[in-house]
Amino acid sequence: MRCKWVNEKNILYVKYHDEEWGIESHDDKYLFEMLLLESFQAGLSWECVLNKREDFRVSFDNFDYKKIALYDENKINELMSNPKIIRNRLKIKSTIKNANIFIDIQKEFGSFDKYIWSFSNNKVIKNENDIFNTTSSLSDKVSKDLKKRGMSFVGSTIIYSYLQAIGIINDHELKCSFR
């Protein structure tokens, strides 16, 4: 049994739920990929972003934050003309800025993983109820810190989804067999 929100007709969504969502990750490359994707989700559905994930992967150099940090106006225009991704200039520019800040955080903490997991004292927060949350005191705290560092499209709701995606928050429903 899966969480009720999974569209079981969409194999990408099923696979994401079963193999990624809520599973602890400590890989900086994956942590950046999910931060990029979650930031593009703002105002849209996760399913929409997930359906475009492979096009994002190709368009954004396999989510290589070091390459993304160097994108210029020509690359922004190229991305804006790509109908396979979400074409939002503010989100694209934000991704470039966020990649640079991601690298700064890595330098400061040794890895982005050490930084992000420090907020939960390196522990998974496993919710023990089926209440659907969209923010928490943890997502508020992480969002505030990322914004203070200069990141954008990292509001508390986006960060809550991000923390779920990378496994810091395990919000699988109580009856979900992937809990």
# chains A, B, ... in the order shown; residues from 1 in each chain; ligands from 1
>>> residues_around(residues="Ile92 (chain A)", least_positions_apart="5", cutoff="10 Å", atoms="only C-alpha atoms", output="list in words")
Leu36, Ser39, Phe40, Phe60, Ile68, Tyr71, Lys75, Ile76, Asn77, Leu79, Met80, Ile86, Arg87, Lys97 and Asn98 of chain A
>>> residues_around(residues="region 10-13 of chain A", least_positions_apart="3", cutoff="10 Å", atoms="only C-alpha atoms", output="list in words")
Trp5, Val6, Asn7, Tyr16, His17, Asp18, Glu19, Trp21, Trp46, Glu47, Cys48, Leu50, Asn51 and Arg53 of chain A
>>> closest_atom_pairs(of="region 33-106 of chain A", to="region 139-159 of chain A", cutoff="12 Å", atoms="only C-alpha atoms", output="Markdown table")
| residue | atom | partner | partner_atom | distance |
| --- | --- | --- | --- | --- |
| A:Met34 | CA | A:Ile159 | CA | 10.3 |
| A:Leu35 | CA | A:Ile159 | CA | 8.3 |
| A:Leu36 | CA | A:Phe153 | CA | 9.3 |
| A:Leu37 | CA | A:Ile158 | CA | 10.0 |
| A:Glu38 | CA | A:Ile158 | CA | 6.2 |
| A:Ser39 | CA | A:Phe153 | CA | 5.3 |
| A:Phe40 | CA | A:Phe153 | CA | 8.0 |
| A:Gln41 | CA | A:Ile158 | CA | 7.9 |
| A:Ala42 | CA | A:Ile158 | CA | 6.9 |
| A:Gly43 | CA | A:Ile158 | CA | 9.8 |
| A:Leu44 | CA | A:Ile158 | CA | 11.0 |
| A:Ser45 | CA | A:Ile158 | CA | 11.5 |
| A:Trp46 | CA | A:Ile158 | CA | 10.6 |
| A:Asn88 | CA | A:Phe153 | CA | 11.9 |
| A:Leu90 | CA | A:Phe153 | CA | 9.1 |
| A:Lys91 | CA | A:Phe153 | CA | 7.3 |
| A:Ile92 | CA | A:Phe153 | CA | 10.4 |
| A:Lys93 | CA | A:Ser152 | CA | 9.5 |
| A:Ser94 | CA | A:Ser152 | CA | 5.9 |
| A:Thr95 | CA | A:Ser152 | CA | 8.3 |
| A:Ile96 | CA | A:Met151 | CA | 9.8 |
| A:Lys97 | CA | A:Met151 | CA | 6.8 |
| A:Asn98 | CA | A:Met151 | CA | 5.2 |
| A:Ala99 | CA | A:Met151 | CA | 8.9 |
| A:Asn100 | CA | A:Met151 | CA | 9.2 |
| A:Ile101 | CA | A:Met151 | CA | 6.8 |
| A:Phe102 | CA | A:Met151 | CA | 8.7 |
| A:Ile103 | CA | A:Arg149 | CA | 11.6 |
| A:Asp104 | CA | A:Arg149 | CA | 9.3 |
| A:Ile105 | CA | A:Arg149 | CA | 8.8 |
>>> residues_around(residues="Ile23 (chain A)", least_positions_apart="6", cutoff="9 Å", atoms="only C-alpha atoms", output="count of residues only")
7
>>> atom_distance(atom1="CA of Phe56 (chain A)", atom2="CA of Glu24 (chain A)")
22.6 Å
>>> closest_residue(among="A:Pro83, A:Glu8, A:Gly22, A:Leu138", to="Ile116 (chain A)", atoms="only C-alpha atoms")
A:Leu138
>>> closest_residue(among="A:Lys29, A:Lys52, A:Arg179, A:Lys84", to="Asp64 (chain A)", atoms="only C-alpha atoms")
A:Lys29
>>> select_by_dssp(residues="region 23-170 of chain A", states="alpha helix (DSSP H)", output="ChimeraX atom specification")
/A:28-41,46-51,53-59,65-68,73-80,89-109,112-118,137-148,156-165
